[in-house]
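I have placed the structure first, in the form of structure tokens, so that the comments after it can refer back to it.
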Amino acid sequence: MDRRPCRSRLWRRAVRERLIRTSSTPRDSSAPAIAVLISGRGSNLKALIDAESAGSLAARIRVVISNRADAPGLAYAREYGIESLVLPHASAPSREAYDRALVDAFQTRGIALICLAGFMRVVTPVLCDAYPWRILNIHPSLLPAFPGAAAQRQALEHGVKITGATVHFVTPELDVGPIVRQVAVPVNERDTVESLSARILAAEHQLYPDAAQLVLHSPWRIEGRTVVF
Ligand code: GRF
């Protein structure tokens with residue numbers, strides 16, 4: 001008779017289910033390779049991983065790169081067997097040198113698309129010129145409203161009734177690149193920065209994988225500052 005505590009049985013079952021789940025979705029090595037850049041929590045990284053596993057993002061997250069060794073989101077890369085790299089910005093002699101190191105990392109891995117997901121660095125032309133229209137960012141407002149930091153707080157302070165999230169191409173100028181997709185999120189009268197941020201974040205998790213899928217697999221062109229699908 002098995003006298004081991006129930007908790008141990010539950011744990012073994014959880015591990016077994018995890019192994020089954022991860023092994024039932026073999027990663028397609030011929031799919032376009034994505035690099036995800038993070039600095040913190042990594043919930044958008046997790047959304048991209050989930051979309052890849054579900055097949056709604058026909059791509060392979062090839063590498064996760066963080067400028068911070070303590071970014072909690074790195075745990076998702078470890079959990080899902082994705083290569084992760086830490087490139088600390090403090091040790092780079094310049095922004096350009098940092099971006100050159102990123103470009104090297106992308107080129108040796110055949111990266112087709114770069115997704116900035118809470119990556120708290122302004123990129124330089126070194127990176128943008130090496131990957132023209134191949135770098136996406138997600139921002140928690142309906143750009144061009146409320147660029148920069150604390151977008152949710154800015155929205156509340158302006159008393160807007162609708163805000164949202166934007167996925168856009170990255171250019172060296174902060175938060176102004178051509179817009180790929182947006183989602184609107186209503187602002188409630190009683191919203192705090194925290195409650196509004198949480199609803200925007202939930203919308204981001206759907207928006208980012210959809211936008212990456214579109215950019216990788218639909219025909220599009222840039223006209224002026226507009227992305228035409
Ligand atoms: C998101 O709100 C995103 O819009 C902004 O940074 C936050 C990153 O969150 N650029 P997470 O690290 O993906 O959870």
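Residues in the structure tokens are numbered from 1 in each chain, the chains being A, B, ... in the order shown, and ligands are numbered from 1 in the order shown.
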Item to check | ligand 1 neighbours within 8 Å using only C-alpha atoms and all ligand atoms, as a PyMOL selection string | outcome: chain A and resi 38-46+73+116-120+137-141+165-166+197+200-201+204
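Contact shell of Asp50 in chain A at 12 Å (only C-alpha atoms; same-chain neighbours under 3 positions omitted): Arg21, Thr22, Thr25, Ser43, Asn44, Leu45, Lys46, Ala47, Ser53, Ala54, Gly55, Ser56, Leu57, Ala58, Ala59, Arg60, Ile61, Tyr76, Ala77, Tyr80, His205, Gln206, Tyr208, Pro209 and Asp210 of chain A.
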For N, CA and C atoms, I'd like the residues from the last selection saved as a PDB file, in the first residue's frame.
```
ATOM      1  N   ARG A  21       2.342  17.429 -21.713  1.00  0.00           N
ATOM      2  CA  ARG A  21       1.937  18.632 -22.436  1.00  0.00           C
ATOM      3  C   ARG A  21       3.095  19.185 -23.280  1.00  0.00           C
ATOM      4  N   THR A  22       4.278  19.233 -22.700  1.00  0.00           N
ATOM      5  CA  THR A  22       5.372  19.837 -23.459  1.00  0.00           C
ATOM      6  C   THR A  22       5.824  18.907 -24.570  1.00  0.00           C
ATOM      7  N   THR A  25       3.718  18.886 -28.040  1.00  0.00           N
ATOM      8  CA  THR A  25       3.765  19.973 -29.004  1.00  0.00           C
ATOM      9  C   THR A  25       5.212  20.167 -29.473  1.00  0.00           C
ATOM     10  N   SER A  43       5.163  38.489 -18.956  1.00  0.00           N
ATOM     11  CA  SER A  43       3.859  37.866 -19.233  1.00  0.00           C
ATOM     12  C   SER A  43       3.543  37.868 -20.732  1.00  0.00           C
ATOM     13  N   ASN A  44       4.027  38.864 -21.465  1.00  0.00           N
ATOM     14  CA  ASN A  44       3.828  38.832 -22.927  1.00  0.00           C
ATOM     15  C   ASN A  44       4.680  37.746 -23.579  1.00  0.00           C
ATOM     16  N   LEU A  45       5.872  37.516 -23.042  1.00  0.00           N
ATOM     17  CA  LEU A  45       6.674  36.373 -23.513  1.00  0.00           C
ATOM     18  C   LEU A  45       5.872  35.089 -23.331  1.00  0.00           C
ATOM     19  N   LYS A  46       5.254  34.934 -22.162  1.00  0.00           N
ATOM     20  CA  LYS A  46       4.473  33.719 -21.883  1.00  0.00           C
ATOM     21  C   LYS A  46       3.310  33.601 -22.881  1.00  0.00           C
ATOM     22  N   ALA A  47       2.683  34.730 -23.202  1.00  0.00           N
ATOM     23  CA  ALA A  47       1.572  34.701 -24.159  1.00  0.00           C
ATOM     24  C   ALA A  47       2.073  34.248 -25.539  1.00  0.00           C
ATOM     25  N   SER A  53       2.655  27.226 -28.797  1.00  0.00           N
ATOM     26  CA  SER A  53       2.237  25.865 -28.418  1.00  0.00           C
ATOM     27  C   SER A  53       0.864  25.533 -28.974  1.00  0.00           C
ATOM     28  N   ALA A  54      -0.027  26.531 -28.983  1.00  0.00           N
ATOM     29  CA  ALA A  54      -1.404  26.297 -29.452  1.00  0.00           C
ATOM     30  C   ALA A  54      -1.475  26.272 -30.978  1.00  0.00           C
ATOM     31  N   GLY A  55      -0.415  26.687 -31.652  1.00  0.00           N
ATOM     32  CA  GLY A  55      -0.423  26.692 -33.119  1.00  0.00           C
ATOM     33  C   GLY A  55      -1.005  27.949 -33.724  1.00  0.00           C
ATOM     34  N   SER A  56      -1.409  28.915 -32.892  1.00  0.00           N
ATOM     35  CA  SER A  56      -1.957  30.155 -33.455  1.00  0.00           C
ATOM     36  C   SER A  56      -0.849  31.132 -33.839  1.00  0.00           C
ATOM     37  N   LEU A  57       0.364  30.870 -33.409  1.00  0.00           N
ATOM     38  CA  LEU A  57       1.534  31.632 -33.866  1.00  0.00           C
ATOM     39  C   LEU A  57       2.469  30.630 -34.532  1.00  0.00           C
ATOM     40  N   ALA A  58       2.510  30.694 -35.859  1.00  0.00           N
ATOM     41  CA  ALA A  58       3.320  29.730 -36.620  1.00  0.00           C
ATOM     42  C   ALA A  58       4.757  30.231 -36.657  1.00  0.00           C
ATOM     43  N   ALA A  59       5.449  30.015 -35.568  1.00  0.00           N
ATOM     44  CA  ALA A  59       6.819  30.508 -35.416  1.00  0.00           C
ATOM     45  C   ALA A  59       7.459  29.706 -34.297  1.00  0.00           C
ATOM     46  N   ARG A  60       8.763  29.915 -34.154  1.00  0.00           N
ATOM     47  CA  ARG A  60       9.489  29.218 -33.099  1.00  0.00           C
ATOM     48  C   ARG A  60      10.242  30.254 -32.283  1.00  0.00           C
ATOM     49  N   ILE A  61       9.925  30.353 -31.012  1.00  0.00           N
ATOM     50  CA  ILE A  61      10.673  31.291 -30.165  1.00  0.00           C
ATOM     51  C   ILE A  61      12.047  30.665 -29.933  1.00  0.00           C
ATOM     52  N   TYR A  76      10.391  31.618 -17.625  1.00  0.00           N
ATOM     53  CA  TYR A  76       9.566  30.981 -18.669  1.00  0.00           C
ATOM     54  C   TYR A  76      10.447  30.311 -19.716  1.00  0.00           C
ATOM     55  N   ALA A  77      11.559  30.967 -20.062  1.00  0.00           N
ATOM     56  CA  ALA A  77      12.467  30.369 -21.049  1.00  0.00           C
ATOM     57  C   ALA A  77      13.004  29.044 -20.499  1.00  0.00           C
ATOM     58  N   TYR A  80      10.296  26.278 -20.481  1.00  0.00           N
ATOM     59  CA  TYR A  80       9.874  25.737 -21.772  1.00  0.00           C
ATOM     60  C   TYR A  80      11.056  25.334 -22.651  1.00  0.00           C
ATOM     61  N   HIS A 205      -2.097  40.248 -24.178  1.00  0.00           N
ATOM     62  CA  HIS A 205      -1.715  38.841 -24.346  1.00  0.00           C
ATOM     63  C   HIS A 205      -2.375  38.204 -25.563  1.00  0.00           C
ATOM     64  N   GLN A 206      -3.501  38.744 -25.980  1.00  0.00           N
ATOM     65  CA  GLN A 206      -4.143  38.289 -27.217  1.00  0.00           C
ATOM     66  C   GLN A 206      -3.543  39.035 -28.415  1.00  0.00           C
ATOM     67  N   TYR A 208      -0.554  40.601 -28.974  1.00  0.00           N
ATOM     68  CA  TYR A 208       0.826  40.464 -29.441  1.00  0.00           C
ATOM     69  C   TYR A 208       1.022  39.226 -30.328  1.00  0.00           C
ATOM     70  N   PRO A 209       0.561  38.053 -29.888  1.00  0.00           N
ATOM     71  CA  PRO A 209       0.706  36.889 -30.780  1.00  0.00           C
ATOM     72  C   PRO A 209      -0.019  37.087 -32.114  1.00  0.00           C
ATOM     73  N   ASP A 210      -1.202  37.707 -32.085  1.00  0.00           N
ATOM     74  CA  ASP A 210      -1.949  37.935 -33.334  1.00  0.00           C
ATOM     75  C   ASP A 210      -1.148  38.835 -34.270  1.00  0.00           C
TER      76      ASP A 210
END
```
Checklist entry - Can you list every residue in range 12-141 of chain A that DSSP puts in strand (DSSP E), as a count of residues only? => result 28
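Residues in contact range of Glu189 in chain A, defined as at most 12 Å between only C-alpha atoms, with sequence neighbours fewer than 4 positions away removed, read A:Leu156, A:Gly159, A:Val160, A:Lys161, A:Ile162, A:Val193, A:Ser195, A:Leu196.
Taking CA of Ala151 in chain A and CA of Glu223 in chain A as endpoints, the distance between them is 27.1 Å.
Distance-wise, CA of Ala203 in chain A and CA of Leu143 in chain A end up 15.0 Å apart.
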Next on the checklist: Can you pull out every residue from range 62-221 of chain A that DSSP, working from the backbone, puts in alpha helix (DSSP H), and format the result as an MDAnalysis selection string?
Outcome noted: chainID A and resid 74:79 95:108 125:130 151:158 193:217
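Among the candidate residues A:Ala149, A:Ala184, A:Ala212, A:Ile135, the one lying nearest to Glu52 in chain A is A:Ala212, with distances computed using only C-alpha atoms.
Here the question is which of A:Leu142, A:Leu214, A:Leu48, A:Val227 gets nearest to Val185 in chain A using only C-alpha atoms, and that residue is A:Leu142.
Using only C-alpha atoms, the nearest neighbour of Ala145 in chain A within the list A:Asp28, A:Glu194, A:Glu83, A:Asp175 is A:Asp175.
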Checklist entry - Which one of A:Gly110, A:Pro172, A:Gly164, A:Pro147 sits closest to Asp129 in chain A if you count only C-alpha atoms? => result A:Pro172
Checklist entry - Within 12 Å of Gln107 in chain A, counting only C-alpha atoms, which residues qualify if same-chain residues fewer than 2 places away don't, as JSON, numbers by chain? => result {"A": [33, 34, 35, 62, 63, 100, 101, 102, 103, 104, 105, 109, 110, 111, 112, 113, 114, 127, 130, 131]}
Item to check | Option closest in space to Ala51 in chain A, from A:Gln213, A:Val228, A:Trp133, A:Arg221 [counting only C-alpha atoms] | outcome: A:Gln213
Checklist outcome for this item: Using only C-alpha atoms, the shortest atom-to-atom distance to Gln154 in chain A among A:Arg27, A:Ile65, A:Thr192, A:Ala97 belongs to A:Thr192
